[in-house]
Every structure is written in structure tokens, then in C-alpha cells.
>>> print(open('work_32.tsv').read())   # TSV, C-alpha atoms and all ligand atoms
chain	number	residue	atom	x	y	z
A	29	MET	CA	9.41	24.51	-16.67
A	30	LYS	CA	10.49	21.51	-18.72
A	31	SER	CA	8.43	18.35	-18.47
A	32	MET	CA	9.96	15.08	-17.30
A	33	GLY	CA	9.71	13.76	-20.86
A	34	GLU	CA	11.56	16.75	-22.25
A	35	VAL	CA	14.29	16.47	-19.62
A	36	ILE	CA	14.82	12.78	-20.33
A	37	LYS	CA	14.83	13.47	-24.04
A	38	THR	CA	17.55	16.10	-23.64
A	39	LEU	CA	19.67	13.83	-21.47
A	40	MET	CA	19.34	10.68	-23.54
A	41	PRO	CA	18.06	11.61	-26.97
A	42	GLU	CA	19.17	8.42	-28.71
A	43	LEU	CA	17.83	6.08	-26.04
A	44	ILE	CA	14.41	7.42	-25.38
A	45	SER	CA	11.52	8.16	-27.61
A	46	VAL	CA	8.96	10.36	-25.94
A	47	SER	CA	5.88	11.22	-27.91
A	48	GLU	CA	2.77	13.22	-27.30
A	49	ILE	CA	-0.24	11.05	-28.01
A	50	GLY	CA	-3.13	13.31	-27.09
A	51	ARG	CA	-4.62	16.25	-25.24
A	52	TYR	CA	-7.82	16.63	-23.28
A	53	THR	CA	-9.50	18.62	-20.52
A	54	CYS	CA	-9.64	16.60	-17.31
A	55	ASP	CA	-13.10	16.22	-15.75
A	56	GLY	CA	-11.54	16.08	-12.29
A	57	CYS	CA	-9.07	18.98	-12.07
A	58	LYS	CA	-10.38	20.82	-15.17
A	59	ASN	CA	-6.80	21.29	-16.42
A	60	GLU	CA	-5.62	20.97	-20.01
A	61	VAL	CA	-3.77	17.65	-20.00
A	62	VAL	CA	-1.08	16.49	-22.43
A	63	VAL	CA	-0.69	12.72	-22.65
A	64	ILE	CA	2.87	11.67	-23.25
A	65	GLN	CA	4.02	8.16	-23.94
A	66	SER	CA	7.48	7.02	-23.02
A	67	PRO	CA	9.20	3.66	-22.49
A	68	ILE	CA	10.51	2.56	-19.08
A	69	VAL	CA	14.30	2.93	-19.20
A	70	ALA	CA	15.50	0.23	-16.82
A	71	GLY	CA	14.45	-2.69	-14.66
A	72	PRO	CA	12.37	-5.78	-15.41
A	73	GLU	CA	9.75	-3.75	-17.31
A	74	LYS	CA	12.30	-1.93	-19.48
A	75	GLY	CA	10.81	-0.90	-22.80
A	76	LYS	CA	7.20	-1.01	-21.61
A	77	LEU	CA	5.32	2.10	-22.75
A	78	ILE	CA	3.85	4.28	-20.03
A	79	ASP	CA	1.39	7.16	-20.40
A	80	TYR	CA	2.18	10.33	-18.44
A	81	LYS	CA	-0.65	12.81	-18.02
A	82	ARG	CA	1.17	16.11	-17.89
A	83	GLY	CA	-0.80	18.87	-16.20
A	84	CYS	CA	-3.37	16.61	-14.49
A	85	VAL	CA	-3.41	17.15	-10.74
A	86	CYS	CA	-5.62	14.06	-10.18
A	87	TRP	CA	-3.13	11.87	-12.02
A	88	GLU	CA	-0.20	13.29	-10.04
A	89	ASN	CA	-2.03	12.66	-6.76
A	90	GLU	CA	-2.83	9.13	-7.83
A	91	GLN	CA	0.88	8.54	-8.65
A	92	ALA	CA	1.86	9.87	-5.22
A	93	ARG	CA	-0.67	7.61	-3.47
A	94	GLU	CA	0.58	4.65	-5.50
A	95	ALA	CA	4.21	5.38	-4.53
A	96	LYS	CA	3.22	5.62	-0.88
A	97	ARG	CA	1.37	2.29	-1.06
A	98	GLU	CA	4.38	0.62	-2.68
A	99	GLN	CA	6.63	1.95	0.04
A	100	ARG	CA	4.26	0.68	2.73
A	101	GLN	CA	3.96	-2.73	1.03
A	102	LEU	CA	7.76	-2.96	1.06
A	103	GLN	CA	7.91	-2.01	4.73
A	104	VAL	CA	5.32	-4.68	5.58
A	105	LYS	CA	7.15	-7.26	3.47
A	106	LYS	CA	10.44	-6.51	5.20
A	107	MET	CA	8.82	-6.93	8.57
A	108	PHE	CA	7.22	-10.27	7.76
A	109	ASP	CA	9.94	-11.78	5.57
A	110	LYS	CA	12.17	-11.84	8.59
A	111	TYR	CA	9.75	-14.16	10.32
A	112	SER	CA	8.32	-16.12	7.44
A	113	THR	CA	5.05	-17.35	8.81
A	114	VAL	CA	3.83	-19.30	5.80
A	115	SER	CA	4.57	-22.99	6.00
A	116	PRO	CA	6.18	-24.43	2.84
A	117	ASP	CA	3.11	-26.53	2.05
A	118	LEU	CA	1.08	-23.36	1.57
A	119	GLU	CA	3.55	-21.37	-0.48
A	120	LYS	CA	2.14	-22.69	-3.73
A	121	ALA	CA	-1.50	-22.62	-2.64
A	122	SER	CA	-3.74	-20.68	-5.00
A	123	PHE	CA	-7.31	-20.61	-6.27
A	124	GLU	CA	-6.10	-22.39	-9.42
A	125	ASN	CA	-4.81	-25.48	-7.63
A	126	PHE	CA	-7.70	-25.88	-5.17
A	127	ASN	CA	-9.66	-29.11	-5.83
A	128	MET	CA	-13.34	-29.28	-5.04
A	129	ASP	CA	-14.22	-32.79	-3.97
A	130	ASN	CA	-17.56	-31.94	-2.37
A	131	SER	CA	-20.21	-29.25	-2.47
A	132	THR	CA	-19.04	-27.66	0.80
A	133	LEU	CA	-15.59	-27.09	-0.62
A	134	GLU	CA	-17.18	-25.75	-3.78
A	135	GLN	CA	-19.13	-23.24	-1.70
A	136	ALA	CA	-16.00	-22.31	0.27
A	137	PHE	CA	-14.15	-21.75	-2.97
A	138	LYS	CA	-16.90	-19.55	-4.42
A	139	LEU	CA	-17.16	-17.55	-1.21
A	140	SER	CA	-13.39	-16.97	-1.22
A	141	VAL	CA	-13.16	-15.91	-4.87
A	142	GLU	CA	-16.15	-13.60	-4.41
A	143	TYR	CA	-14.59	-12.10	-1.29
A	144	ALA	CA	-11.35	-11.34	-3.13
A	145	ASN	CA	-13.15	-9.89	-6.14
A	146	GLU	CA	-15.58	-7.74	-4.18
A	147	PHE	CA	-12.99	-6.55	-1.65
A	148	SER	CA	-13.30	-2.81	-1.20
A	149	LEU	CA	-11.73	-0.66	1.50
A	150	ASP	CA	-14.92	1.21	2.28
A	151	ASN	CA	-17.00	-1.90	2.83
A	152	PRO	CA	-15.13	-3.96	5.43
A	153	LYS	CA	-16.17	-7.60	5.73
A	154	ASN	CA	-14.70	-10.43	7.75
A	155	LEU	CA	-14.69	-14.16	7.22
A	156	LEU	CA	-14.27	-17.01	9.65
A	157	PHE	CA	-13.31	-20.43	8.32
A	158	ALA	CA	-13.94	-23.20	10.83
A	159	GLY	CA	-13.52	-26.94	10.62
A	160	MET	CA	-11.26	-29.91	11.18
A	161	TYR	CA	-7.69	-30.45	10.02
A	162	GLY	CA	-6.52	-30.43	6.41
A	163	LEU	CA	-9.75	-29.20	4.81
A	164	GLY	CA	-8.25	-26.27	2.91
A	165	LYS	CA	-9.03	-23.40	5.29
A	166	SER	CA	-5.49	-22.05	5.22
A	167	HIS	CA	-5.16	-22.85	1.51
A	168	LEU	CA	-8.12	-20.63	0.60
A	169	SER	CA	-7.15	-17.91	3.09
A	170	TYR	CA	-3.66	-17.74	1.63
A	171	SER	CA	-5.12	-17.67	-1.90
A	172	ILE	CA	-7.35	-14.71	-0.94
A	173	CYS	CA	-4.32	-12.94	0.50
A	174	GLN	CA	-2.32	-13.46	-2.71
A	175	ALA	CA	-5.23	-12.39	-4.92
A	176	LEU	CA	-5.62	-9.18	-2.90
A	177	LYS	CA	-1.89	-8.46	-3.12
A	178	LYS	CA	-2.17	-8.75	-6.88
A	179	ARG	CA	-4.96	-6.17	-6.76
A	180	GLY	CA	-2.60	-3.83	-4.89
A	181	PHE	CA	-3.97	-4.22	-1.35
A	182	ILE	CA	-1.57	-4.57	1.56
A	183	SER	CA	-2.30	-8.06	2.77
A	184	VAL	CA	-0.73	-10.23	5.44
A	185	PHE	CA	-1.26	-13.92	6.16
A	186	ILE	CA	-0.01	-14.96	9.56
A	187	SER	CA	-0.44	-17.94	11.85
A	188	VAL	CA	-1.59	-16.80	15.29
A	189	PRO	CA	0.70	-19.12	17.30
A	190	LYS	CA	3.69	-17.94	15.22
A	191	LEU	CA	2.59	-14.33	15.49
A	192	LEU	CA	2.60	-14.55	19.27
A	193	THR	CA	6.14	-15.94	19.09
A	194	VAL	CA	7.14	-13.02	16.84
A	195	ILE	CA	5.67	-10.54	19.33
A	196	LYS	CA	7.61	-12.20	22.15
A	197	SER	CA	10.78	-11.97	20.08
A	198	THR	CA	10.38	-8.19	19.93
A	199	TYR	CA	10.98	-8.12	23.71
A	200	ASN	CA	14.53	-9.23	22.94
A	201	LYS	CA	16.73	-6.16	23.00
A	202	ASN	CA	18.41	-7.17	19.72
A	203	SER	CA	15.12	-7.20	17.85
A	204	ASP	CA	14.99	-5.13	14.65
A	205	PHE	CA	11.62	-3.61	15.47
A	206	ASN	CA	9.45	-3.15	18.51
A	207	GLU	CA	6.12	-4.51	19.58
A	208	ALA	CA	4.25	-1.24	19.07
A	209	GLU	CA	5.50	-1.01	15.50
A	210	LEU	CA	4.45	-4.58	14.76
A	211	LEU	CA	1.00	-4.15	16.32
A	212	ASN	CA	0.58	-0.92	14.41
A	213	VAL	CA	1.31	-2.64	11.09
A	214	LEU	CA	-1.08	-5.48	11.92
A	215	SER	CA	-3.90	-3.13	12.77
A	216	THR	CA	-3.49	-1.01	9.66
A	217	VAL	CA	-2.92	-3.47	6.79
A	218	ASP	CA	-5.84	-3.64	4.35
A	219	PHE	CA	-6.35	-7.37	4.85
A	220	LEU	CA	-5.14	-9.62	7.65
A	221	ALA	CA	-5.59	-13.39	7.71
A	222	LEU	CA	-5.20	-14.64	11.27
A	223	ASP	CA	-4.64	-18.33	10.67
A	224	ASP	CA	-5.29	-20.94	13.34
A	225	ILE	CA	-6.71	-18.65	15.98
A	226	GLY	CA	-7.41	-20.64	19.12
A	227	ALA	CA	-4.42	-22.95	18.50
A	228	GLU	CA	-2.11	-20.83	20.63
A	229	LYS	CA	-0.78	-22.53	23.73
A	230	VAL	CA	-2.47	-21.23	26.85
A	231	ARG	CA	-2.66	-22.84	30.29
A	232	LYS	CA	-6.17	-24.19	30.92
A	233	GLU	CA	-6.73	-21.99	33.97
A	234	GLU	CA	-5.68	-18.90	32.00
A	235	GLU	CA	-7.99	-19.44	29.02
A	236	GLY	CA	-9.74	-16.21	28.04
A	237	ASP	CA	-7.51	-14.18	30.35
A	238	SER	CA	-3.89	-14.66	29.37
A	239	TRP	CA	-1.06	-12.66	27.85
A	240	ALA	CA	-2.16	-14.09	24.47
A	241	THR	CA	-5.74	-12.91	25.07
A	242	GLU	CA	-4.48	-9.41	25.74
A	243	LYS	CA	-2.30	-9.31	22.60
A	244	LEU	CA	-5.13	-10.67	20.48
A	245	PHE	CA	-7.36	-7.97	21.87
A	246	GLU	CA	-4.95	-5.25	20.81
A	247	ILE	CA	-4.87	-6.66	17.28
A	248	ILE	CA	-8.56	-7.49	16.87
A	249	ASP	CA	-9.81	-4.31	18.47
A	250	GLY	CA	-7.34	-2.28	16.41
A	251	ARG	CA	-8.78	-3.78	13.24
A	252	SER	CA	-12.35	-2.69	13.66
A	253	GLY	CA	-13.48	-1.19	10.36
A	254	ARG	CA	-10.92	-3.24	8.42
A	255	HIS	CA	-11.02	-6.65	6.72
A	256	THR	CA	-9.93	-9.67	8.72
A	257	LEU	CA	-10.17	-13.39	8.04
A	258	TYR	CA	-9.89	-15.97	10.80
A	259	THR	CA	-9.38	-19.71	10.52
A	260	THR	CA	-9.88	-22.06	13.43
A	261	ASN	CA	-10.30	-25.71	14.38
A	262	LEU	CA	-12.58	-24.78	17.26
A	263	VAL	CA	-16.37	-24.48	17.36
A	264	SER	CA	-17.88	-21.21	18.57
A	265	ASP	CA	-18.19	-22.15	22.25
A	266	GLU	CA	-14.63	-23.42	22.43
A	267	LEU	CA	-13.27	-20.42	20.56
A	268	SER	CA	-15.13	-17.96	22.76
A	269	ARG	CA	-13.70	-19.66	25.85
A	270	LYS	CA	-10.19	-19.83	24.42
A	271	VAL	CA	-9.81	-16.25	23.18
A	272	GLY	CA	-12.17	-14.73	25.75
A	273	GLN	CA	-15.63	-13.28	25.15
A	274	ARG	CA	-14.34	-9.75	24.69
A	275	ASN	CA	-12.25	-10.89	21.70
A	276	PHE	CA	-14.85	-13.30	20.39
A	277	SER	CA	-17.53	-10.62	20.36
A	278	ARG	CA	-15.32	-8.34	18.24
A	279	MET	CA	-14.31	-11.21	15.96
A	280	MET	CA	-17.93	-11.91	15.07
A	281	MET	CA	-18.81	-8.33	14.14
A	282	ASN	CA	-19.50	-8.09	10.36
A	283	THR	CA	-18.23	-11.65	10.05
A	284	LYS	CA	-19.53	-14.46	7.88
A	285	PRO	CA	-18.68	-17.83	9.42
A	286	PHE	CA	-18.24	-20.83	7.14
A	287	ARG	CA	-17.84	-24.41	8.29
A	288	PHE	CA	-15.56	-26.63	6.17
A	289	GLU	CA	-16.40	-30.30	5.85
A	290	GLY	CA	-14.74	-33.23	4.10
A	291	ASN	CA	-11.66	-35.39	4.33
A	292	ASP	CA	-8.25	-34.34	5.57
A	293	TYR	CA	-6.34	-33.51	2.38
A	294	ARG	CA	-3.05	-34.29	4.06
A	295	ILE	CA	-3.94	-37.93	4.77
A	296	ASN	CA	-6.38	-38.61	1.95
A	297	ASN	CA	-5.87	-42.06	0.39
A	298	LYS	CA	-2.99	-42.76	2.71
A	299	MET	CA	-4.79	-44.96	5.26
A	300	PHE	CA	-2.81	-48.05	6.39
B	1	LIG	N1	-9.12	-28.81	-1.79
B	1	LIG	C1	-7.78	-28.77	-1.87
B	1	LIG	N2	-7.16	-28.72	-3.06
B	1	LIG	C2	-5.81	-28.70	-3.14
B	1	LIG	N3	-4.99	-28.72	-2.07
B	1	LIG	C3	-5.56	-28.76	-0.85
B	1	LIG	C4	-6.97	-28.76	-0.69
B	1	LIG	N4	-7.24	-28.81	0.63
B	1	LIG	C5	-6.07	-28.80	1.25
B	1	LIG	N5	-5.04	-28.79	0.37
B	1	LIG	C6	-3.61	-28.80	0.71
B	1	LIG	O1	-3.45	-29.66	1.84
B	1	LIG	C7	-2.63	-29.06	2.84
B	1	LIG	C8	-3.47	-28.79	4.09
B	1	LIG	O2	-4.49	-27.84	3.80
B	1	LIG	P1	-4.74	-26.56	4.71
B	1	LIG	O3	-3.46	-26.17	5.34
B	1	LIG	O4	-5.45	-25.56	3.93
B	1	LIG	O5	-5.71	-27.20	5.80
B	1	LIG	P2	-6.46	-26.50	7.03
B	1	LIG	O6	-7.93	-26.67	6.82
B	1	LIG	O7	-5.96	-25.15	7.19
B	1	LIG	O8	-6.02	-27.47	8.21
B	1	LIG	P3	-5.57	-27.14	9.72
B	1	LIG	O9	-6.83	-26.90	10.48
B	1	LIG	O10	-4.88	-28.39	10.15
B	1	LIG	O11	-4.68	-25.95	9.69
B	1	LIG	C9	-2.10	-27.80	2.20
B	1	LIG	O12	-0.85	-28.10	1.61
B	1	LIG	C10	-3.10	-27.44	1.13
B	1	LIG	O13	-2.48	-26.74	0.06
B	2	MG	MG	-4.65	-24.30	8.59
B	3	ZN	ZN	-7.09	15.84	-13.58
>>> encode(input="work_32.tsv", output="C-alpha cells")
Amino acid sequence: MKSMGEVIKTLMPELISVSEIGRYTCDGCKNEVVVIQSPIVAGPEKGKLIDYKRGCVCWENEQAREAKREQRQLQVKKMFDKYSTVSPDLEKASFENFNMDNSTLEQAFKLSVEYANEFSLDNPKNLLFAGMYGLGKSHLSYSICQALKKRGFISVFISVPKLLTVIKSTYNKNSDFNEAELLNVLSTVDFLALDDIGAEKVRKEEEGDSWATEKLFEIIDGRSGRHTLYTTNLVSDELSRKVGQRNFSRMMMNTKPFRFEGNDYRINNKMF
């Protein structure tokens, strides 16, 4: 059988230069592997040299896994692009443009960078960022999400009140996807930031036992064994009452809470 490199070379001999750059025995599959280098032929990375490990079963499996992940990332993106849930003021938020005006924010920053760097699928850890308005909770959560995406993890940042609206919209018969599909994606992504949990509108008498409580349960319970980050303006007692003890108990499992303190970044130096 001809290799991919050989086929391409036959089809476009003047365009492509494919060259063998080495041979070795793979420790994993024990096969004799031929390393072939060839430039990408089209797209934004055109011309970039890629190594192909002909004969290595491990490499082929890795390529297949990678392709599957890319496909899933695209599917997730499609689903969430339709209902953009990131407010414009967060779109540019990153670790690089986070200012540390006090030692609490410095600690929050370190914790977030560490979390993103140490993130590993087989060691699930959750974070809970609590504190008053405009302290950078969403900014750091969004930055973690972006950093993880760059590392190839399927990551979603979503505001809980908006998410509940999105779920409701799936009940509309013209919706592009259904509730089960959406809940399935949310429970299987590698990282989910549930922003502003506890800010959802619920009638006082229904707190802890509402439609929202039930939906949150499906998401939170479905994520056990995966990484989730929560942000909230509420303190533990209030949050437990708002989302219900059954949800709160699951939220706190394997979770490191961190309390933000400082001045509201949105109104800083704008007192009148
Ligand atoms: N330390 C900071 N450095 C740079 N920008 C910041 C910092 N803190 C907050 N901001 C910016 O201020 C705005 C508000 O911050 P953010 O949304 O993170 O607050 P929050 O703690 O999530 O507040 P809320 O509880 O009201 O949701 C955002 O645009 C964010 O990018
Ligand atoms: Mg926020
Ligand atoms: Zn191999």
C-alpha cells in the first residue's frame, strides 16, 4: 500500500516536498516507524512542516482521538455561539490583563493560573469564587476557560441565569437542539464555568425547590468526576438556601472555595 506522502507526491509532485527524516522502533506499539515530513498544503497553516509517523499505531490512535476532540469542540462551539453567553466586557479578559491591586486578588490570580496549568482529566478539582460585585471573579473564570481551550480541553463558560433562559428556549418547537442534548453537552465538557450561580430569578417561596433547582441538579449531578468552577455573590448559607441543599452538597465536593475582596472594578475611581 502506498503511504499518504507517496500518494500526495504522485498527485502533486511539483507542489509538495515529502521527505523521510528518520526511522525508529516505537516503544509503544513495537513497530518499525518511518518519520516523514511534509508541508501543510492549504489553510492558514499552509507551508508548516508536519511529521507523520508511518507505521506507528500509537500515533495513528492519537491522531484519531485528536480529530474526534476537534469535532466535539466544534459541536460545542456551534451550540454555544448561537446563544453567546459571554458579556462583551469579558470577551477580552485574560490572565495578562488582570491587575492585582491587593493581596487577595494576587492569591486569586495565582490560584487560577495554577488551576489552569495543573488541570488534568484524571484529577478533577472544582473551584468556587465568591464575593461582591466587580471583583474579577468572572474575569479570572473566563481566563481559566480560555487557557484550558488553548491546551485543547473542551471548555465552556456560561452564566447560570442565561443558561436557564437557553434551556427554556429549547422548549420552543423551532429550537435547533433539544434540552437533553444541551444537558448532555454540559455534563460532558472537560471544564464548565457556571458563572453567577444563585443569581437566577426564583420566587422566594420556591427557593431550593424550583424548576431552576431541578435543572441545576441535572447539570451539577451529571458533572460529578469532572471539573467545574462556580462564581457567586452569595455566602454559603444564602447559596445553600437558593440552590437547595441537595445541589449545594454536590457543589462543595472536591471544591476549593475562595473569597474575593477589594473594590468594585467597574466603579473604581468613579465616585461622584
Ligand atoms: N483585577 C482586574 N483587572 C482587570 N480587569 C478587571 C479586574 N477585575 C475586574 N475587571 C474587569 O471589570 C469588569 C467586572 O469584573 P468581573 O465581571 O470579573 O466581576 P465579578 O467579580 O464577576 O462581578 P459580579 O459579581 O458583579 O459578576 C470586567 O470587565 C473585568 O474584565
Ligand atoms: Mg461575574
Ligand atoms: Zn507506536
>>> closest_residue(input="work_32.tsv", among="A:Leu191, A:Arg287, A:Gly180, A:Ser140", to="Lys153 (chain A)", atoms="all atoms listed in the file")
A:Ser140
>>> atom_distance(input="work_32.tsv", atom1="CA of Lys178 (chain A)", atom2="CA of Ser148 (chain A)")
13.8 Å
>>> residues_near_ligand(input="work_32.tsv", ligand="ligand MG 2 (chain B)", cutoff="9 Å", atoms="only C-alpha atoms and all ligand atoms", output="number ranges by chain")
A: 161-167, 169, 187, 223-224, 259-261
>>> atom_distance(input="work_32.tsv", atom1="CA of Asn59 (chain A)", atom2="CA of Ala92 (chain A)")
18.2 Å
>>> closest_residue(input="work_32.tsv", among="A:Ser183, A:Asn291, A:Gln65, A:Ser277", to="ligand LIG 1 (chain B)", atoms="all atoms listed in the file")
A:Asn291
>>> residues_around(input="work_32.tsv", residues="Thr216 (chain A)", least_positions_apart="2", cutoff="8 Å", atoms="only C-alpha atoms", output="PyMOL selection string")
chain A and resi 212-214+218+250-251+254
>>> residues_near_ligand(input="work_32.tsv", ligand="ligand LIG 1 (chain B)", cutoff="10 Å", atoms="all atoms listed in the file", output="PyMOL selection string")
chain A and resi 115-130+133-134+136-137+157-171+187+223-225+227+259-262+288-296
>>> residues_near_ligand(input="work_32.tsv", ligand="ligand ZN 3 (chain B)", cutoff="8 Å", atoms="all atoms listed in the file", output="number ranges by chain")
A: 53-59, 61, 83-87
>>> write_last_selection(input="work_32.tsv", atoms="C-alpha atoms", output="PDB file, keeping the file's coordinate frame")
ATOM      1  CA  THR A  53      -9.500  18.620 -20.520  1.00  0.00           C
ATOM      2  CA  CYS A  54      -9.640  16.600 -17.310  1.00  0.00           C
ATOM      3  CA  ASP A  55     -13.100  16.220 -15.750  1.00  0.00           C
ATOM      4  CA  GLY A  56     -11.540  16.080 -12.290  1.00  0.00           C
ATOM      5  CA  CYS A  57      -9.070  18.980 -12.070  1.00  0.00           C
ATOM      6  CA  LYS A  58     -10.380  20.820 -15.170  1.00  0.00           C
ATOM      7  CA  ASN A  59      -6.800  21.290 -16.420  1.00  0.00           C
ATOM      8  CA  VAL A  61      -3.770  17.650 -20.000  1.00  0.00           C
ATOM      9  CA  GLY A  83      -0.800  18.870 -16.200  1.00  0.00           C
ATOM     10  CA  CYS A  84      -3.370  16.610 -14.490  1.00  0.00           C
ATOM     11  CA  VAL A  85      -3.410  17.150 -10.740  1.00  0.00           C
ATOM     12  CA  CYS A  86      -5.620  14.060 -10.180  1.00  0.00           C
ATOM     13  CA  TRP A  87      -3.130  11.870 -12.020  1.00  0.00           C
TER      14      TRP A  87
END
>>> closest_atom_pairs(input="work_32.tsv", of="region 216-257 of chain A", to="region 194-199 of chain A", cutoff="12 Å", atoms="only C-alpha atoms", output="tab-separated table")
residue	atom	partner	partner_atom	distance
A:Trp239	CA	A:Lys196	CA	10.4
A:Ala240	CA	A:Ile195	CA	10.0
A:Lys243	CA	A:Ile195	CA	8.7
A:Leu244	CA	A:Ile195	CA	10.9
A:Glu246	CA	A:Ile195	CA	12.0
A:Ile247	CA	A:Ile195	CA	11.4
>>> axis_aligned_box(input="work_32.tsv", around="region 178-189 of chain A", padding_each_side="3 Å", output="lines of an AutoDock Vina configuration file")
center_x = -2.1
center_y = -11.5
center_z = 5.2
size_x = 11.7
size_y = 21.3
size_z = 30.2
>>> atom_distance(input="work_32.tsv", atom1="CA of Asp150 (chain A)", atom2="CA of Gln135 (chain A)")
25.1 Å
>>> residues_near_point(input="work_32.tsv", point="(-21.9, -19.0, 9.3)", cutoff="9 Å", atoms="all atoms listed in the file", output="NGL selection string")
:A and (155-157 or 283-287)
>>> residues_around(input="work_32.tsv", residues="Val62 (chain A)", least_positions_apart="2", cutoff="8 Å", atoms="only C-alpha atoms", output="VMD selection string")
chain A and resid 48 to 52 60 64 81 to 83
>>> write_last_selection(input="work_32.tsv", atoms="C-alpha atoms", output="short mmCIF file (atom, residue, chain, number, x, y, z; two decimals), in the coordinates of the input")
data_model
loop_
_atom_site.label_atom_id
_atom_site.label_comp_id
_atom_site.auth_asym_id
_atom_site.auth_seq_id
_atom_site.Cartn_x
_atom_site.Cartn_y
_atom_site.Cartn_z
CA GLU A 48 2.77 13.22 -27.30
CA ILE A 49 -0.24 11.05 -28.01
CA GLY A 50 -3.13 13.31 -27.09
CA ARG A 51 -4.62 16.25 -25.24
CA TYR A 52 -7.82 16.63 -23.28
CA GLU A 60 -5.62 20.97 -20.01
CA ILE A 64 2.87 11.67 -23.25
CA LYS A 81 -0.65 12.81 -18.02
CA ARG A 82 1.17 16.11 -17.89
CA GLY A 83 -0.80 18.87 -16.20
#
>>> residues_around(input="work_32.tsv", residues="Asp265 (chain A)", least_positions_apart="4", cutoff="12 Å", atoms="all atoms listed in the file", output="list in words")
Gly226, Gly236, Asn261, Arg269, Lys270, Val271, Gly272, Gln273, Phe276 and Ser277 of chain A
>>> residues_around(input="work_32.tsv", residues="Pro67 (chain A)", least_positions_apart="6", cutoff="6 Å", atoms="all atoms listed in the file", output="list in words")
Gly75, Lys76, Leu77 and Ile78 of chain A
>>> write_last_selection(input="work_32.tsv", atoms="C-alpha atoms", output="PDB file, in the frame of the given file")
ATOM      1  CA  GLY A  75      10.810  -0.900 -22.800  1.00  0.00           C
ATOM      2  CA  LYS A  76       7.200  -1.010 -21.610  1.00  0.00           C
ATOM      3  CA  LEU A  77       5.320   2.100 -22.750  1.00  0.00           C
ATOM      4  CA  ILE A  78       3.850   4.280 -20.030  1.00  0.00           C
TER       5      ILE A  78
END
>>> closest_residue(input="work_32.tsv", among="A:Lys298, A:Arg278, A:Lys106, A:Lys229", to="Val184 (chain A)", atoms="all atoms listed in the file")
A:Lys106
>>> closest_residue(input="work_32.tsv", among="A:Glu73, A:Ala208, A:Thr256, A:Ile172", to="Asn282 (chain A)", atoms="all atoms listed in the file")
A:Thr256
